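Structure file coords-v6.txt (compact mmCIF, C-alpha atoms) follows.
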```txt
# COMPACT_ATOMS: atom_id res chain seq x y z
CA MET J 342 180.54 134.72 168.55
CA LYS J 343 182.25 132.30 170.92
CA LYS J 344 179.04 131.99 172.96
CA ARG J 345 177.08 131.19 169.79
CA ILE J 346 179.58 128.48 168.83
CA ILE J 347 179.36 127.00 172.33
CA PHE J 348 175.55 127.08 172.16
CA VAL J 349 175.51 125.33 168.77
CA PHE J 350 178.00 122.77 170.04
CA LEU J 351 175.85 122.07 173.09
CA ALA J 352 172.72 121.82 170.94
CA ILE J 353 174.37 119.34 168.57
CA SER J 354 175.70 117.39 171.53
CA ALA J 355 172.19 117.19 172.97
CA VAL J 356 170.76 115.94 169.66
CA LEU J 357 173.52 113.38 169.32
CA TYR J 358 173.03 112.26 172.91
CA PHE J 359 169.30 111.85 172.32
CA PHE J 360 169.93 109.96 169.09
CA TYR J 361 172.43 107.53 170.55
CA ALA J 362 170.41 107.09 173.72
CA SER J 363 167.35 106.30 171.63
CA SER J 364 169.38 103.97 169.43
CA SER J 365 170.76 102.10 172.41
CA GLN J 366 167.26 101.67 173.80
CA ASP J 367 166.09 100.30 170.43
CA SER J 368 167.72 96.99 171.25
CA LYS J 369 166.39 93.48 171.18
CA ALA J 370 165.10 94.01 174.73
CA ASP J 371 162.65 96.61 173.36
CA ARG J 372 161.57 94.87 170.18
CA TYR J 373 158.85 92.31 169.52
CA VAL J 374 158.03 90.01 166.62
CA VAL J 375 154.62 88.39 166.13
CA VAL J 376 154.29 85.76 163.38
CA LEU J 377 150.96 84.21 162.34
CA SER J 378 150.73 81.28 159.95
CA LEU J 379 147.45 80.66 158.14
CA ASP J 380 147.77 77.12 156.80
CA GLY J 381 147.17 76.65 153.08
CA PHE J 382 146.50 80.36 152.38
CA ARG J 383 147.31 80.54 148.68
CA SER J 384 149.03 83.66 147.37
CA ASP J 385 146.10 84.73 145.18
CA TYR J 386 143.33 84.30 147.75
CA PRO J 387 143.33 88.04 148.63
CA GLU J 388 142.40 88.78 145.01
CA MET J 389 139.58 86.21 145.16
CA ALA J 390 137.97 87.48 148.36
CA HIS J 391 137.27 90.64 150.35
CA THR J 392 140.32 91.06 152.59
CA PRO J 393 140.50 94.67 153.79
CA THR J 394 142.83 93.86 156.69
CA LEU J 395 145.40 92.14 154.51
CA ASP J 396 145.00 94.94 151.97
CA SER J 397 145.83 97.46 154.67
CA LEU J 398 148.89 95.45 155.70
CA GLU J 399 150.09 95.63 152.10
CA ARG J 400 149.64 99.42 152.06
CA VAL J 401 151.61 99.99 155.26
CA GLY J 402 154.16 97.21 154.85
CA VAL J 403 155.51 94.56 152.49
CA ARG J 404 153.75 91.88 150.48
CA ALA J 405 155.29 89.02 148.51
CA ASP J 406 154.54 85.51 147.37
CA PHE J 407 156.14 83.08 149.80
CA ARG J 408 157.71 80.11 148.06
CA PRO J 409 157.52 76.87 150.07
CA CYS J 410 160.22 74.25 150.22
CA PHE J 411 159.75 70.93 148.50
CA PRO J 412 157.67 69.04 149.41
CA SER J 413 155.07 71.78 149.76
CA VAL J 414 153.41 70.23 152.82
CA THR J 415 152.58 71.63 156.25
CA PHE J 416 154.98 70.09 158.73
CA SER J 417 158.04 70.19 156.48
CA ASN J 418 157.49 73.87 155.71
CA HIS J 419 156.62 75.10 159.17
CA TYR J 420 159.80 73.55 160.47
CA ALA J 421 161.71 74.95 157.47
CA MET J 422 160.51 78.43 158.35
CA ALA J 423 161.41 77.86 161.99
CA THR J 424 164.95 76.63 161.29
CA GLY J 425 165.78 78.36 158.02
CA LEU J 426 166.68 74.93 156.64
CA HIS J 427 165.27 72.97 153.73
CA PRO J 428 163.56 69.70 154.77
CA ASP J 429 166.54 67.85 153.33
CA HIS J 430 168.66 69.58 155.99
CA HIS J 431 166.30 69.63 159.00
CA GLY J 432 165.10 66.02 158.84
CA LEU J 433 161.31 66.53 158.73
CA ILE J 434 161.27 65.45 155.10
CA ASN J 435 157.49 65.04 154.68
CA ASN J 436 154.30 64.87 156.72
CA PHE J 437 154.75 61.08 156.70
CA PHE J 438 158.04 59.16 156.36
CA TYR J 439 160.29 56.44 157.71
CA ALA J 440 163.42 57.42 159.64
CA GLU J 441 165.94 54.60 159.38
CA ASP J 442 168.23 56.32 161.89
CA LEU J 443 165.49 56.03 164.52
CA ASP J 444 163.78 52.95 163.08
CA LYS J 445 160.53 54.85 163.51
CA ILE J 446 157.72 56.19 161.36
CA TYR J 447 156.71 59.85 161.54
CA THR J 448 153.09 60.79 160.95
CA ILE J 449 151.58 64.15 161.84
CA GLY J 450 148.68 62.55 163.71
CA ASN J 451 150.90 60.42 165.96
CA ARG J 452 151.43 62.34 169.20
CA GLU J 453 154.36 60.16 170.24
CA ALA J 454 156.17 60.85 166.97
CA VAL J 455 155.40 64.57 167.01
CA ALA J 456 156.84 64.81 170.53
CA ASN J 457 159.98 62.80 169.74
CA PRO J 458 162.93 65.25 169.50
CA GLY J 459 164.92 62.75 167.46
CA PHE J 460 162.94 63.65 164.34
CA TYR J 461 163.86 67.37 164.52
CA GLU J 462 167.27 68.59 163.39
CA GLY J 463 168.62 72.12 163.12
CA GLU J 464 167.91 74.91 165.60
CA PRO J 465 164.40 76.42 165.57
CA ILE J 466 164.19 80.18 165.98
CA TRP J 467 162.62 79.97 169.44
CA ASN J 468 165.66 78.04 170.66
CA THR J 469 167.98 80.59 169.06
CA ALA J 470 166.08 83.30 170.91
CA GLU J 471 165.89 81.55 174.28
CA ARG J 472 169.58 80.61 174.09
CA GLN J 473 170.39 84.31 173.74
CA GLY J 474 168.11 85.49 176.53
CA VAL J 475 165.00 86.38 174.49
CA LYS J 476 161.77 84.75 175.67
CA ALA J 477 159.63 83.04 173.03
CA ALA J 478 156.00 81.84 172.98
CA ASN J 479 154.45 79.40 170.50
CA TYR J 480 150.82 78.56 169.89
CA TYR J 481 150.96 75.31 167.86
CA TRP J 482 153.99 75.93 165.62
CA VAL J 483 155.46 72.65 164.35
CA GLY J 484 158.44 71.56 166.44
CA SER J 485 157.57 73.53 169.55
CA GLU J 486 155.86 70.59 171.27
CA THR J 487 159.16 68.84 171.94
CA ALA J 488 162.52 69.78 173.43
CA VAL J 489 164.73 70.10 170.35
CA ASN J 490 168.32 69.90 171.59
CA GLY J 491 166.93 70.10 175.11
CA ARG J 492 165.09 73.43 174.67
CA GLN J 493 161.54 74.67 174.17
CA PRO J 494 159.90 78.09 174.11
CA SER J 495 159.08 79.66 177.49
CA ILE J 496 155.41 79.25 176.52
CA TRP J 497 154.04 76.53 174.25
CA LYS J 498 150.86 74.51 173.78
CA PRO J 499 150.10 71.02 172.44
CA PHE J 500 147.95 71.20 169.33
CA ASP J 501 144.19 71.17 169.89
CA SER J 502 142.01 71.97 166.90
CA ASP J 503 139.01 72.55 169.18
CA VAL J 504 140.43 75.84 170.49
CA PRO J 505 138.59 78.68 168.68
CA PHE J 506 140.73 80.96 166.58
CA LYS J 507 139.68 84.04 168.57
CA ASN J 508 140.88 82.36 171.76
CA ARG J 509 144.28 81.90 170.16
CA ALA J 510 144.38 85.60 169.23
CA ASP J 511 143.39 86.51 172.79
CA SER J 512 146.23 84.41 174.15
CA ILE J 513 148.76 86.27 171.99
CA LEU J 514 147.31 89.56 173.23
CA ALA J 515 147.51 88.35 176.84
CA TRP J 516 151.13 87.24 176.45
CA LEU J 517 152.02 90.68 175.09
CA GLN J 518 150.63 92.15 178.31
CA LEU J 519 152.53 89.97 180.74
CA PRO J 520 154.85 91.70 183.21
CA GLU J 521 157.96 92.86 181.41
CA GLU J 522 160.22 90.25 182.97
CA GLU J 523 157.87 87.44 181.84
CA ARG J 524 156.80 88.86 178.48
CA PRO J 525 157.92 86.99 175.33
CA HIS J 526 159.48 89.04 172.54
CA LEU J 527 158.99 86.38 169.87
CA LEU J 528 155.42 85.11 169.49
CA MET J 529 154.43 82.59 166.82
CA TRP J 530 150.93 81.24 166.32
CA TYR J 531 149.14 78.98 163.90
CA ILE J 532 145.66 78.52 162.43
CA GLU J 533 144.82 75.42 160.38
CA GLU J 534 142.59 77.28 157.91
CA PRO J 535 141.97 77.85 155.04
CA ASP J 536 143.86 74.58 154.43
CA ALA J 537 141.17 72.33 155.87
CA ILE J 538 138.33 73.89 153.90
CA GLY J 539 140.49 74.12 150.77
CA HIS J 540 141.08 70.36 150.84
CA ARG J 541 137.37 69.65 151.13
CA ALA J 542 135.84 72.34 148.93
CA THR J 543 138.65 73.32 146.46
CA PRO J 544 140.47 76.67 146.31
CA ASP J 545 137.91 78.27 144.00
CA SER J 546 134.87 77.42 146.12
CA THR J 547 132.53 79.80 147.89
CA ALA J 548 133.33 78.00 151.15
CA THR J 549 137.04 78.72 150.82
CA ARG J 550 136.40 82.36 149.96
CA GLN J 551 134.15 82.72 153.00
CA MET J 552 136.82 81.20 155.25
CA VAL J 553 139.43 83.60 153.86
CA GLU J 554 137.12 86.50 154.69
CA GLU J 555 136.49 85.16 158.21
CA LEU J 556 140.23 84.97 158.79
CA ASP J 557 140.61 88.54 157.57
CA GLN J 558 137.96 89.58 160.09
CA LEU J 559 139.91 87.76 162.81
CA LEU J 560 143.00 89.73 161.80
CA ASN J 561 140.97 92.93 162.04
CA TYR J 562 139.96 92.01 165.59
CA PHE J 563 143.54 91.16 166.53
CA PHE J 564 145.04 94.36 165.13
CA THR J 565 142.28 96.51 166.64
CA GLU J 566 143.11 95.09 170.07
CA VAL J 567 146.89 95.08 169.72
CA ARG J 568 146.90 98.76 168.74
CA GLN J 569 145.76 99.55 172.29
CA LEU J 570 149.00 98.20 173.77
CA ASP J 571 151.67 100.69 174.78
CA ILE J 572 154.28 98.53 173.01
CA PHE J 573 152.41 98.50 169.68
CA ASP J 574 154.92 100.73 167.89
CA ARG J 575 157.73 98.31 168.82
CA ILE J 576 156.09 95.22 167.31
CA ASP J 577 156.94 93.84 163.87
CA PHE J 578 154.05 91.75 162.50
CA ILE J 579 154.34 88.97 159.93
CA VAL J 580 151.35 87.12 158.43
CA LEU J 581 152.27 84.20 156.18
CA SER J 582 151.41 80.71 155.04
CA ASP J 583 153.19 77.44 154.43
CA HIS J 584 151.93 76.50 150.95
CA GLY J 585 149.11 76.92 148.46
CA MET J 586 146.45 74.52 147.18
CA ALA J 587 145.54 72.88 143.85
CA THR J 588 142.26 71.32 142.74
CA TYR J 589 142.37 67.58 142.14
CA TYR J 590 141.31 66.24 138.71
CA PRO J 591 139.60 62.84 139.06
CA GLU J 592 140.64 61.80 135.54
CA ASN J 593 144.30 62.09 136.62
CA TYR J 594 143.99 59.80 139.64
CA VAL J 595 146.79 57.23 139.94
CA ASN J 596 146.69 54.08 142.06
CA LEU J 597 150.16 52.52 142.07
CA ASN J 598 148.59 49.28 143.21
CA ASP J 599 147.60 48.82 139.57
CA TYR J 600 151.27 48.77 138.55
CA LEU J 601 153.45 47.51 141.41
CA PRO J 602 153.40 44.65 143.96
CA ARG J 603 153.06 46.09 147.45
CA ASP J 604 155.17 43.35 149.05
CA SER J 605 158.26 44.58 147.19
CA PHE J 606 158.34 47.73 149.36
CA ASP J 607 159.43 48.06 152.98
CA HIS J 608 157.46 51.29 153.48
CA VAL J 609 155.04 53.30 151.37
CA PHE J 610 153.76 56.81 152.09
CA ASP J 611 151.39 57.75 149.29
CA GLY J 612 149.81 61.10 148.46
CA VAL J 613 151.69 64.15 147.16
CA PRO J 614 154.55 63.44 146.96
CA THR J 615 154.71 59.64 147.30
CA LEU J 616 157.71 58.16 149.13
CA LEU J 617 158.54 54.59 148.10
CA TYR J 618 161.07 52.68 150.21
CA THR J 619 161.64 49.72 147.91
CA LYS J 620 163.52 46.57 148.73
CA GLU J 621 166.89 47.40 147.20
CA SER J 622 166.76 44.46 144.79
CA TYR J 623 163.49 45.80 143.35
CA ARG J 624 164.37 49.49 143.03
CA GLU J 625 165.48 49.46 139.40
CA THR J 626 162.48 47.37 138.31
CA ALA J 627 160.07 49.67 140.13
CA TYR J 628 161.78 52.73 138.69
CA GLN J 629 161.41 51.45 135.13
CA ILE J 630 157.74 50.55 135.63
CA LEU J 631 157.00 54.00 137.06
CA GLN J 632 158.38 55.72 133.97
CA ALA J 633 155.32 54.54 132.05
CA VAL J 634 152.71 55.61 134.61
CA PRO J 635 150.81 58.72 133.41
CA HIS J 636 150.65 62.04 135.30
CA ILE J 637 153.63 61.36 137.55
CA LYS J 638 157.39 61.71 137.51
CA ALA J 639 159.42 59.13 139.45
CA TYR J 640 162.96 59.90 140.61
CA LYS J 641 165.69 57.91 142.20
CA LYS J 642 166.64 59.98 145.23
CA GLU J 643 170.03 60.80 143.73
CA GLU J 644 168.35 62.07 140.53
CA ILE J 645 165.92 64.53 142.11
CA PRO J 646 166.36 67.95 140.43
CA SER J 647 168.71 70.23 142.36
CA ARG J 648 166.14 73.05 142.47
CA PHE J 649 164.09 70.94 144.89
CA ASN J 650 166.97 70.87 147.42
CA TYR J 651 165.86 67.35 148.25
CA GLY J 652 167.25 63.85 148.21
CA THR J 653 170.46 63.89 150.28
CA HIS J 654 168.95 63.20 153.70
CA PRO J 655 169.04 59.50 154.67
CA ARG J 656 165.33 59.63 155.52
CA VAL J 657 164.33 60.40 151.92
CA SER J 658 163.05 57.22 150.25
CA ASN J 659 165.05 55.61 147.48
CA LEU J 660 162.24 56.41 145.01
CA VAL J 661 160.21 59.63 145.10
CA VAL J 662 157.07 60.13 143.00
CA VAL J 663 156.13 63.74 142.16
CA PRO J 664 152.67 63.97 140.57
CA GLU J 665 151.59 66.58 138.05
CA ILE J 666 149.52 69.43 139.47
CA GLY J 667 145.99 68.15 140.09
CA THR J 668 147.02 64.49 140.23
CA TYR J 669 146.47 62.46 143.38
CA VAL J 670 148.45 59.28 144.01
CA GLN J 671 147.64 56.30 146.22
CA PHE J 672 149.06 52.81 146.64
CA ARG J 673 146.20 50.79 148.09
CA ALA J 674 144.12 47.80 147.11
CA ASP J 675 140.86 49.54 147.91
CA ALA J 676 141.55 53.21 147.24
CA ALA J 677 139.69 56.41 146.51
CA PRO J 678 140.86 60.03 146.57
CA ARG J 679 140.67 61.62 150.02
CA TYR J 680 140.40 65.25 148.93
CA ALA J 681 138.89 67.62 146.40
CA ALA J 682 142.18 69.54 146.41
CA THR J 683 145.66 69.10 147.81
CA HIS J 684 149.26 70.36 147.85
CA GLY J 685 152.76 68.89 148.12
CA TYR J 686 153.56 69.46 144.45
CA ASP J 687 156.52 71.18 142.77
CA ASN J 688 157.19 74.13 145.06
CA TYR J 689 157.70 76.50 142.11
CA GLU J 690 154.19 75.93 140.75
CA PRO J 691 152.03 79.10 140.99
CA SER J 692 149.25 77.31 142.87
CA MET J 693 151.72 76.23 145.58
CA GLN J 694 152.78 79.80 146.44
CA ALA J 695 151.76 81.15 149.85
CA ILE J 696 151.21 84.64 151.30
CA PHE J 697 153.73 86.85 153.06
CA TYR J 698 152.83 90.19 154.66
CA ALA J 699 155.09 92.15 156.99
CA ALA J 700 154.32 95.47 158.69
CA GLY J 701 155.94 97.32 161.53
CA PRO J 702 158.81 99.67 162.36
CA SER J 703 161.47 97.50 160.68
CA PHE J 704 159.81 96.95 157.32
CA LYS J 705 159.55 98.89 154.11
CA THR J 706 156.22 100.57 153.35
CA GLY J 707 153.92 99.88 150.44
CA GLU J 708 156.26 97.42 148.74
CA ARG J 709 155.17 94.49 146.55
CA LEU J 710 158.24 92.28 146.24
CA PRO J 711 159.20 89.30 144.06
CA ALA J 712 158.69 85.83 145.49
CA ILE J 713 160.71 85.09 148.63
CA ALA J 714 161.88 81.63 149.71
CA ASN J 715 160.30 80.76 153.05
CA VAL J 716 163.60 79.54 154.56
CA ASN J 717 164.39 83.25 154.93
CA LEU J 718 161.95 83.64 157.83
CA TYR J 719 164.50 82.35 160.34
CA LEU J 720 167.18 84.80 159.24
CA LEU J 721 164.65 87.65 159.09
CA ILE J 722 163.58 87.11 162.70
CA CYS J 723 167.22 86.96 163.77
CA LYS J 724 167.72 90.37 162.14
CA LEU J 725 164.63 91.82 163.79
CA LEU J 726 165.60 90.63 167.29
CA GLU J 727 169.36 91.10 166.83
CA LEU J 728 170.09 87.41 167.32
CA ASP J 729 173.15 85.54 166.13
CA PRO J 730 171.75 82.93 163.71
CA ALA J 731 172.57 79.25 163.69
CA PRO J 732 173.58 77.76 160.31
CA ASN J 733 170.68 78.17 157.87
CA ASP J 734 169.76 78.21 154.18
CA GLY J 735 168.49 81.80 154.08
CA THR J 736 170.10 84.55 152.03
CA GLU J 737 171.03 88.00 153.31
CA GLU J 738 170.05 89.56 149.97
CA GLU J 739 166.43 88.40 150.11
CA VAL J 740 166.05 89.46 153.74
CA ALA J 741 167.49 92.89 152.93
CA LEU J 742 164.70 93.45 150.36
CA ILE J 743 162.12 93.36 153.15
CA LEU J 744 163.77 95.66 155.67
CA LYS J 745 164.06 99.44 155.71
```

Write-out of the structure in structure tokens:
Amino acid sequence: MKKRIIFVFLAISAVLYFFYASSSQDSKADRYVVVLSLDGFRSDYPEMAHTPTLDSLERVGVRADFRPCFPSVTFSNHYAMATGLHPDHHGLINNFFYAEDLDKIYTIGNREAVANPGFYEGEPIWNTAERQGVKAANYYWVGSETAVNGRQPSIWKPFDSDVPFKNRADSILAWLQLPEEERPHLLMWYIEEPDAIGHRATPDSTATRQMVEELDQLLNYFFTEVRQLDIFDRIDFIVLSDHGMATYYPENYVNLNDYLPRDSFDHVFDGVPTLLYTKESYRETAYQILQAVPHIKAYKKEEIPSRFNYGTHPRVSNLVVVPEIGTYVQFRADAAPRYAATHGYDNYEPSMQAIFYAAGPSFKTGERLPAIANVNLYLLICKLLELDPAPNDGTEEEVALILK
């Protein structure tokens, strides 16, 4: 009897030893996170096209609508996802704006501005990782092309739209095969479609559907290759987007030049939304005139609805124009709409919602979840890699819904 008890004790001890040894090895040093952003991939595109790869991700992982921050534009939201902060808190308040603190203008096509660390506040996730000894690699994620607070990812690339999407996938695969001491454990990459085609051809077009299907085929290639890696079962994969897309209605077009004198403004950044930096003496007059303009809503920055989490940062203009869905706004003497469709609207509008798929050892299986705010990405990655997060606007409750 005593021998049997000793045997059982030794057997339990062996199981416990194996369990705790395995648990200790399942540390951030053994885990990987790969995040892909497909710009402008609206939440309902998978229902409009043939997307077997995304469908399979939903079956083996988690799917949800991903709610962008306001304004629902590319640079503001990619940096929001990276920092876990609303644009009002991280300083990149739009794709185009004036920063009084720097006395400089930010535009996404200006390489000098994009590389100026003064525009970027908060701590991006790659800096959180690197600061805690976890190597990170970025292929075009907003904010990675400059040293925010003196840091950058171990691997990063300046944006070049001429690089084929397959080449970008191959780079991620190559980085996952680097020698262990060089290998990044956080990899983030970016593709500028289907945003570009959606702007030109509208979300409902055949061209947009074809692009969505091409991207799904690219994902199939990537996952087929990555499954061959011996670390595959230690990788958590996330496929997401920054915002949706809405078709523009020509009959709703607004040119503010028909209503306001341009010389009464210090800076104007039109589009969706429109940021108007009025001369202070003209603000009230401009505000009253804008109340009568159809298809838009004009706010003083201090009156912007709280659900937008917008208007407290000094860089936000003293008047902000938010158009109705499908309305395009310009402020130019000789103007014409640039796009067939656009985004930037109210971030709670259905057409502004983006995709979120997550699959891997850390995620639930076969779950379709309610909409998730995209500022939760930062906190989610911190959980996956066991990092201590910097201050952020994410919520533990929403992140917990995604994880096992």

| said: Could you tell me how far CA of Asp611 (chain J) sits from CA of Tyr594 (chain J), in Å to one decimal place? | reply: 12.3 Å

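For the residues J:Ile579, J:Pro409, J:Phe672, J:Asp511, ranking by smallest atom-to-atom distance to Leu395 (chain J) using all atoms listed in the file places J:Ile579 first.
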
| query | Could you pull the residues within 12 Å of region 435-442 of chain J, counting all atoms listed in the file, minus those fewer than 2 positions along the same chain, as an NGL selection string? | reply | :J and (410-421 or 427-429 or 431-433 or 444-451 or 454-455 or 457 or 459-461 or 483 or 607-619 or 651-652 or 654-659 or 661 or 684-686)

| task | Can you work out the spacing between CA of Thr668 (chain J) and CA of Ser384 (chain J) in Å, to one decimal? | result | 20.6 Å

| request: Tell me, as number ranges by chain, which residues lie within 8 Å of Leu514 (chain J), counting all atoms listed in the file; anything in the same chain fewer than 2 positions away does not count. | output: J: 510-512, 516-518, 563, 566-567

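Among the candidate residues J:Pro505, J:Glu739, J:Ala423, J:Pro711, the one lying nearest to Ile466 (chain J) is J:Ala423, with distances computed using only C-alpha atoms.
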
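We find CA of Phe500 (chain J) and CA of Asn688 (chain J) to be spaced 26.1 Å apart.
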
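Near region 726-735 of chain J, within 6 Å and counting all atoms listed in the file, sit Lys369, Gly425, Leu426, Val716, Asn717 and Cys723 of chain J; same-chain residues fewer than 3 positions away were not included.
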
| request: Just the residues within 9 Å of Gly539 (chain J), please, counting only C-alpha atoms, with nothing from its chain fewer than 3 positions along; format it as an NGL selection string. | output: :J and (381-382 or 534-536 or 542-546 or 548-549 or 586-588 or 681-683)

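Shortest separation to Arg648 (chain J) among J:Glu523, J:Glu464, J:Glu621, J:Asp687 occurs at residue J:Asp687, atoms counted being all atoms listed in the file.
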
| said: At a cut-off of 12 Å, using all atoms listed in the file, what residues contact Val403 (chain J)? Leave out same-chain residues fewer than 4 positions from it and give the result as a ChimeraX atom specification. | reply: /J:395-399,407,577-581,696-713,740,742-745
